[in-house]
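Data from my_file.tsv: TSV, N, CA and C atoms
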```
chain	number	residue	atom	x	y	z
A	212	MET	N	72.80	-65.83	30.11
A	212	MET	CA	72.06	-65.73	28.87
A	212	MET	C	72.31	-66.95	27.98
A	213	LEU	N	73.56	-67.37	27.91
A	213	LEU	CA	73.90	-68.52	27.08
A	213	LEU	C	73.18	-69.78	27.54
A	214	GLU	N	73.15	-69.98	28.85
A	214	GLU	CA	72.47	-71.16	29.38
A	214	GLU	C	70.98	-71.12	29.08
A	215	LYS	N	70.38	-69.94	29.18
A	215	LYS	CA	68.95	-69.79	28.88
A	215	LYS	C	68.68	-70.12	27.42
A	216	LEU	N	69.55	-69.68	26.52
A	216	LEU	CA	69.38	-69.99	25.09
A	216	LEU	C	69.50	-71.49	24.85
A	217	LYS	N	70.42	-72.13	25.55
A	217	LYS	CA	70.57	-73.58	25.39
A	217	LYS	C	69.34	-74.32	25.91
A	218	GLU	N	68.75	-73.83	27.00
A	218	GLU	CA	67.50	-74.41	27.51
A	218	GLU	C	66.38	-74.24	26.49
A	219	MET	N	66.34	-73.06	25.87
A	219	MET	CA	65.32	-72.80	24.85
A	219	MET	C	65.50	-73.74	23.67
A	220	LEU	N	66.73	-74.01	23.29
A	220	LEU	CA	66.98	-74.95	22.18
A	220	LEU	C	66.47	-76.34	22.51
A	221	LYS	N	66.67	-76.77	23.76
A	221	LYS	CA	66.16	-78.09	24.16
A	221	LYS	C	64.64	-78.14	24.05
A	222	SER	N	63.98	-77.06	24.47
A	222	SER	CA	62.52	-77.00	24.36
A	222	SER	C	62.08	-77.03	22.90
A	223	LEU	N	62.79	-76.29	22.06
A	223	LEU	CA	62.46	-76.27	20.63
A	223	LEU	C	62.66	-77.64	20.00
A	224	GLU	N	63.69	-78.36	20.43
A	224	GLU	CA	63.92	-79.71	19.90
A	224	GLU	C	62.78	-80.64	20.28
A	225	SER	N	62.27	-80.49	21.51
A	225	SER	CA	61.12	-81.29	21.94
A	225	SER	C	59.89	-80.95	21.10
A	226	MET	N	59.66	-79.65	20.87
A	226	MET	CA	58.53	-79.23	20.03
A	226	MET	C	58.69	-79.74	18.61
A	227	GLU	N	59.92	-79.72	18.11
A	227	GLU	CA	60.20	-80.19	16.76
A	227	GLU	C	59.79	-81.65	16.63
A	228	GLY	N	60.15	-82.45	17.62
A	228	GLY	CA	59.78	-83.86	17.59
A	228	GLY	C	58.28	-84.06	17.60
A	229	SER	N	57.59	-83.29	18.42
A	229	SER	CA	56.13	-83.40	18.49
A	229	SER	C	55.47	-82.99	17.18
A	230	LEU	N	55.95	-81.90	16.59
A	230	LEU	CA	55.39	-81.46	15.30
A	230	LEU	C	55.68	-82.46	14.19
A	231	ASP	N	56.89	-83.02	14.19
A	231	ASP	CA	57.22	-84.03	13.19
A	231	ASP	C	56.33	-85.26	13.34
A	232	ASP	N	56.13	-85.69	14.60
A	232	ASP	CA	55.25	-86.84	14.84
A	232	ASP	C	53.83	-86.56	14.36
A	233	ALA	N	53.33	-85.36	14.66
A	233	ALA	CA	51.97	-84.99	14.23
A	233	ALA	C	51.88	-84.95	12.71
A	234	PHE	N	52.88	-84.38	12.07
A	234	PHE	CA	52.87	-84.26	10.61
A	234	PHE	C	52.85	-85.64	9.95
A	235	TYR	N	53.73	-86.52	10.42
A	235	TYR	CA	53.85	-87.83	9.78
A	235	TYR	C	52.76	-88.83	10.18
A	236	SER	N	52.06	-88.56	11.29
A	236	SER	CA	50.99	-89.48	11.69
A	236	SER	C	49.64	-89.09	11.10
A	237	LEU	N	49.55	-87.89	10.53
A	237	LEU	CA	48.29	-87.45	9.93
A	237	LEU	C	48.09	-88.15	8.58
A	238	PRO	N	46.98	-88.86	8.43
A	238	PRO	CA	46.73	-89.56	7.16
A	238	PRO	C	46.69	-88.59	5.99
A	239	GLU	N	47.10	-89.07	4.84
A	239	GLU	CA	47.17	-88.22	3.64
A	239	GLU	C	45.85	-88.23	2.86
A	240	TYR	N	44.78	-87.89	3.53
A	240	TYR	CA	43.50	-87.75	2.86
A	240	TYR	C	43.34	-86.32	2.38
A	241	ASN	N	42.53	-86.13	1.37
A	241	ASN	CA	42.26	-84.78	0.87
A	241	ASN	C	41.68	-83.88	1.97
A	242	ALA	N	40.93	-84.48	2.89
A	242	ALA	CA	40.32	-83.69	3.97
A	242	ALA	C	41.39	-83.15	4.93
A	243	ASN	N	42.57	-83.73	4.92
A	243	ASN	CA	43.63	-83.31	5.83
A	243	ASN	C	44.65	-82.37	5.19
A	244	THR	N	44.40	-81.94	3.99
A	244	THR	CA	45.36	-81.10	3.28
A	244	THR	C	45.66	-79.82	4.04
A	245	ASP	N	44.64	-79.15	4.53
A	245	ASP	CA	44.85	-77.91	5.28
A	245	ASP	C	45.63	-78.17	6.56
A	246	SER	N	45.28	-79.23	7.28
A	246	SER	CA	45.97	-79.55	8.53
A	246	SER	C	47.44	-79.84	8.28
A	247	ARG	N	47.73	-80.60	7.23
A	247	ARG	CA	49.13	-80.90	6.89
A	247	ARG	C	49.88	-79.61	6.54
A	248	SER	N	49.21	-78.71	5.85
A	248	SER	CA	49.83	-77.45	5.48
A	248	SER	C	50.14	-76.60	6.72
A	249	TYR	N	49.20	-76.55	7.68
A	249	TYR	CA	49.43	-75.79	8.91
A	249	TYR	C	50.58	-76.40	9.72
A	250	LEU	N	50.59	-77.72	9.82
A	250	LEU	CA	51.67	-78.39	10.55
A	250	LEU	C	53.02	-78.15	9.87
A	251	ASP	N	53.04	-78.23	8.57
A	251	ASP	CA	54.28	-78.02	7.83
A	251	ASP	C	54.78	-76.59	8.00
A	252	SER	N	53.86	-75.64	8.00
A	252	SER	CA	54.23	-74.24	8.20
A	252	SER	C	54.81	-74.03	9.60
A	253	ALA	N	54.18	-74.62	10.60
A	253	ALA	CA	54.68	-74.51	11.98
A	253	ALA	C	56.06	-75.15	12.10
A	254	ARG	N	56.25	-76.29	11.44
A	254	ARG	CA	57.56	-76.95	11.47
A	254	ARG	C	58.62	-76.05	10.83
A	255	ASN	N	58.31	-75.45	9.71
A	255	ASN	CA	59.28	-74.57	9.05
A	255	ASN	C	59.63	-73.36	9.91
A	256	GLU	N	58.63	-72.77	10.55
A	256	GLU	CA	58.89	-71.62	11.42
A	256	GLU	C	59.76	-72.04	12.60
A	257	LEU	N	59.48	-73.22	13.16
A	257	LEU	CA	60.28	-73.71	14.27
A	257	LEU	C	61.71	-73.98	13.85
A	258	TYR	N	61.90	-74.60	12.68
A	258	TYR	CA	63.25	-74.86	12.17
A	258	TYR	C	64.04	-73.56	12.02
A	259	THR	N	63.38	-72.54	11.50
A	259	THR	CA	64.04	-71.25	11.30
A	259	THR	C	64.43	-70.63	12.63
A	260	LEU	N	63.51	-70.64	13.59
A	260	LEU	CA	63.79	-70.11	14.92
A	260	LEU	C	64.93	-70.87	15.58
A	261	LYS	N	64.90	-72.18	15.46
A	261	LYS	CA	65.95	-73.01	16.05
A	261	LYS	C	67.31	-72.69	15.43
A	262	GLU	N	67.36	-72.57	14.12
A	262	GLU	CA	68.61	-72.23	13.44
A	262	GLU	C	69.13	-70.85	13.88
A	263	ASP	N	68.22	-69.88	14.02
A	263	ASP	CA	68.62	-68.54	14.46
A	263	ASP	C	69.23	-68.59	15.86
A	264	ILE	N	68.60	-69.32	16.77
A	264	ILE	CA	69.12	-69.41	18.13
A	264	ILE	C	70.44	-70.17	18.15
A	265	GLU	N	70.56	-71.23	17.35
A	265	GLU	CA	71.83	-71.96	17.27
A	265	GLU	C	72.95	-71.06	16.77
A	266	LYS	N	72.63	-70.18	15.83
A	266	LYS	CA	73.65	-69.24	15.32
A	266	LYS	C	74.08	-68.26	16.41
A	267	VAL	N	73.11	-67.76	17.17
A	267	VAL	CA	73.43	-66.83	18.26
A	267	VAL	C	74.31	-67.52	19.30
A	268	VAL	N	73.95	-68.75	19.67
A	268	VAL	CA	74.74	-69.51	20.64
A	268	VAL	C	76.15	-69.72	20.11
A	269	SER	N	76.27	-70.07	18.85
A	269	SER	CA	77.58	-70.27	18.23
A	269	SER	C	78.39	-68.98	18.23
A	270	ASP	N	77.73	-67.87	17.89
A	270	ASP	CA	78.41	-66.57	17.87
A	270	ASP	C	78.89	-66.18	19.27
A	271	ILE	N	78.06	-66.44	20.28
A	271	ILE	CA	78.44	-66.11	21.66
A	271	ILE	C	79.64	-66.96	22.07
A	272	ASP	N	79.59	-68.25	21.75
A	272	ASP	CA	80.73	-69.13	22.06
A	272	ASP	C	81.99	-68.66	21.36
A	273	LYS	N	81.85	-68.27	20.10
A	273	LYS	CA	83.01	-67.83	19.31
A	273	LYS	C	83.59	-66.54	19.89
A	274	VAL	N	82.72	-65.59	20.19
A	274	VAL	CA	83.18	-64.33	20.75
A	274	VAL	C	83.89	-64.58	22.07
A	275	THR	N	83.33	-65.44	22.89
A	275	THR	CA	83.93	-65.73	24.18
A	275	THR	C	85.32	-66.33	23.99
A	276	LEU	N	85.47	-67.29	23.09
A	276	LEU	CA	86.78	-67.89	22.85
A	276	LEU	C	87.74	-66.88	22.24
A	277	ASP	N	87.27	-66.06	21.31
A	277	ASP	CA	88.13	-65.03	20.72
A	277	ASP	C	88.62	-64.07	21.80
A	278	GLU	N	87.72	-63.69	22.69
A	278	GLU	CA	88.11	-62.76	23.75
A	278	GLU	C	89.14	-63.39	24.68
A	279	VAL	N	88.95	-64.65	24.99
A	279	VAL	CA	89.88	-65.33	25.90
A	279	VAL	C	91.27	-65.43	25.28
A	280	PHE	N	91.33	-65.79	24.01
A	280	PHE	CA	92.62	-66.04	23.40
A	280	PHE	C	93.26	-64.81	22.75
A	281	ASN	N	92.48	-63.79	22.46
A	281	ASN	CA	93.02	-62.65	21.71
A	281	ASN	C	92.97	-61.32	22.44
A	282	THR	N	92.46	-61.28	23.65
A	282	THR	CA	92.40	-60.03	24.40
A	282	THR	C	93.67	-59.93	25.26
A	283	PRO	N	94.36	-58.82	25.16
A	283	PRO	CA	95.56	-58.68	26.00
A	283	PRO	C	95.18	-58.62	27.47
A	284	PRO	N	96.05	-59.09	28.32
A	284	PRO	CA	95.75	-59.05	29.77
A	284	PRO	C	95.61	-57.62	30.26
A	285	TYR	N	94.80	-57.43	31.26
A	285	TYR	CA	94.56	-56.11	31.84
A	285	TYR	C	95.61	-55.88	32.92
A	286	HIS	N	96.26	-54.75	32.85
A	286	HIS	CA	97.25	-54.39	33.87
A	286	HIS	C	96.80	-53.10	34.54
A	287	ALA	N	96.44	-53.21	35.79
A	287	ALA	CA	96.05	-52.02	36.56
A	287	ALA	C	97.30	-51.26	36.96
A	288	LEU	N	97.23	-49.95	36.89
A	288	LEU	CA	98.38	-49.13	37.26
A	288	LEU	C	98.39	-48.80	38.70
```
Kindly present the structure from the file in structure tokens form.
Amino acid sequence: MLEKLKEMLKSLESMEGSLDDAFYSLPEYNANTDSRSYLDSARNELYTLKEDIEKVVSDIDKVTLDEVFNTPPYHAL
């Protein structure tokens, strides 16, 4: 699961770059106001999704390290 989330983050980073390029390459004419708004909205949604996934990945990493260092060894009887 962790690896899949990291793959998803890489895809989101690629999308982020494409949306940023589209946003900044669109001329600032009044006719493009709606397009810039749609692109900006998509960028914000992507940033939020990316941050959420990064937090989950961080939490998984933290839990894994906490478990490794703080879980007592298992002794079978």
### Task
Enter the distance from atom N of Arg254 in chain A to atom N of Asp270 in chain A, in Å, rounded to one decimal.
24.0 Å
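The shortest atom-to-atom distance to Val267 in chain A, with all atoms listed in the file taken into account, belongs to A:Leu213 out of A:Ser252, A:Tyr235, A:Gly228, A:Leu213.
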### Query
If you run DSSP on this backbone, which residues of chain A come out as helix (DSSP H, G or I), and could you give them as a ChimeraX atom specification?
/A:213-236,241-281
### Two-atom distance - CA of Ile264 in chain A, CA of Leu216 in chain A (Å)
7.0 Å
### Summary
Closest of A:Asn241, A:Ser246, A:Ser236, A:Thr259 to Leu223 in chain A, counting only C-alpha atoms, is A:Thr259
### Message
as a list in words, please: the residues near Phe234 in chain A (cut-off 6.5 Å, all atoms listed in the file, same-chain neighbours under 6 positions excluded).
### Response
Arg247, Leu250 and Asp251 of chain A
Could you work out an axis-aligned box for range 234-248 of chain A, taking every atom the file lists and adding 8 Å on each side, and report centre and edge lengths in Å to one decimal, as lines of an AutoDock Vina configuration file?
```
center_x = 47.1
center_y = -83.1
center_z = 6.5
size_x = 29.5
size_y = 29.0
size_z = 27.2
```
### Task
In the coordinates of the file, take the point (70.9, -71.8, 22.8) and a cut-off of 7 Å; then, counting only N, CA and C atoms, name each qualifying protein, DNA or RNA residue as a PyMOL selection string.
chain A and resi 213-221+264-265+267-269
What does the file look like for those residues with N, CA and C atoms, as a PDB file, keeping the file's coordinate frame?
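again_10.pdb written:
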```
ATOM      1  N   LEU A 213      73.560 -67.370  27.910  1.00  0.00           N
ATOM      2  CA  LEU A 213      73.900 -68.520  27.080  1.00  0.00           C
ATOM      3  C   LEU A 213      73.180 -69.780  27.540  1.00  0.00           C
ATOM      4  N   GLU A 214      73.150 -69.980  28.850  1.00  0.00           N
ATOM      5  CA  GLU A 214      72.470 -71.160  29.380  1.00  0.00           C
ATOM      6  C   GLU A 214      70.980 -71.120  29.080  1.00  0.00           C
ATOM      7  N   LYS A 215      70.380 -69.940  29.180  1.00  0.00           N
ATOM      8  CA  LYS A 215      68.950 -69.790  28.880  1.00  0.00           C
ATOM      9  C   LYS A 215      68.680 -70.120  27.420  1.00  0.00           C
ATOM     10  N   LEU A 216      69.550 -69.680  26.520  1.00  0.00           N
ATOM     11  CA  LEU A 216      69.380 -69.990  25.090  1.00  0.00           C
ATOM     12  C   LEU A 216      69.500 -71.490  24.850  1.00  0.00           C
ATOM     13  N   LYS A 217      70.420 -72.130  25.550  1.00  0.00           N
ATOM     14  CA  LYS A 217      70.570 -73.580  25.390  1.00  0.00           C
ATOM     15  C   LYS A 217      69.340 -74.320  25.910  1.00  0.00           C
ATOM     16  N   GLU A 218      68.750 -73.830  27.000  1.00  0.00           N
ATOM     17  CA  GLU A 218      67.500 -74.410  27.510  1.00  0.00           C
ATOM     18  C   GLU A 218      66.380 -74.240  26.490  1.00  0.00           C
ATOM     19  N   MET A 219      66.340 -73.060  25.870  1.00  0.00           N
ATOM     20  CA  MET A 219      65.320 -72.800  24.850  1.00  0.00           C
ATOM     21  C   MET A 219      65.500 -73.740  23.670  1.00  0.00           C
ATOM     22  N   LEU A 220      66.730 -74.010  23.290  1.00  0.00           N
ATOM     23  CA  LEU A 220      66.980 -74.950  22.180  1.00  0.00           C
ATOM     24  C   LEU A 220      66.470 -76.340  22.510  1.00  0.00           C
ATOM     25  N   LYS A 221      66.670 -76.770  23.760  1.00  0.00           N
ATOM     26  CA  LYS A 221      66.160 -78.090  24.160  1.00  0.00           C
ATOM     27  C   LYS A 221      64.640 -78.140  24.050  1.00  0.00           C
ATOM     28  N   ILE A 264      68.600 -69.320  16.770  1.00  0.00           N
ATOM     29  CA  ILE A 264      69.120 -69.410  18.130  1.00  0.00           C
ATOM     30  C   ILE A 264      70.440 -70.170  18.150  1.00  0.00           C
ATOM     31  N   GLU A 265      70.560 -71.230  17.350  1.00  0.00           N
ATOM     32  CA  GLU A 265      71.830 -71.960  17.270  1.00  0.00           C
ATOM     33  C   GLU A 265      72.950 -71.060  16.770  1.00  0.00           C
ATOM     34  N   VAL A 267      73.110 -67.760  17.170  1.00  0.00           N
ATOM     35  CA  VAL A 267      73.430 -66.830  18.260  1.00  0.00           C
ATOM     36  C   VAL A 267      74.310 -67.520  19.300  1.00  0.00           C
ATOM     37  N   VAL A 268      73.950 -68.750  19.670  1.00  0.00           N
ATOM     38  CA  VAL A 268      74.740 -69.510  20.640  1.00  0.00           C
ATOM     39  C   VAL A 268      76.150 -69.720  20.110  1.00  0.00           C
ATOM     40  N   SER A 269      76.270 -70.070  18.850  1.00  0.00           N
ATOM     41  CA  SER A 269      77.580 -70.270  18.230  1.00  0.00           C
ATOM     42  C   SER A 269      78.390 -68.980  18.230  1.00  0.00           C
TER      43      SER A 269
END
```
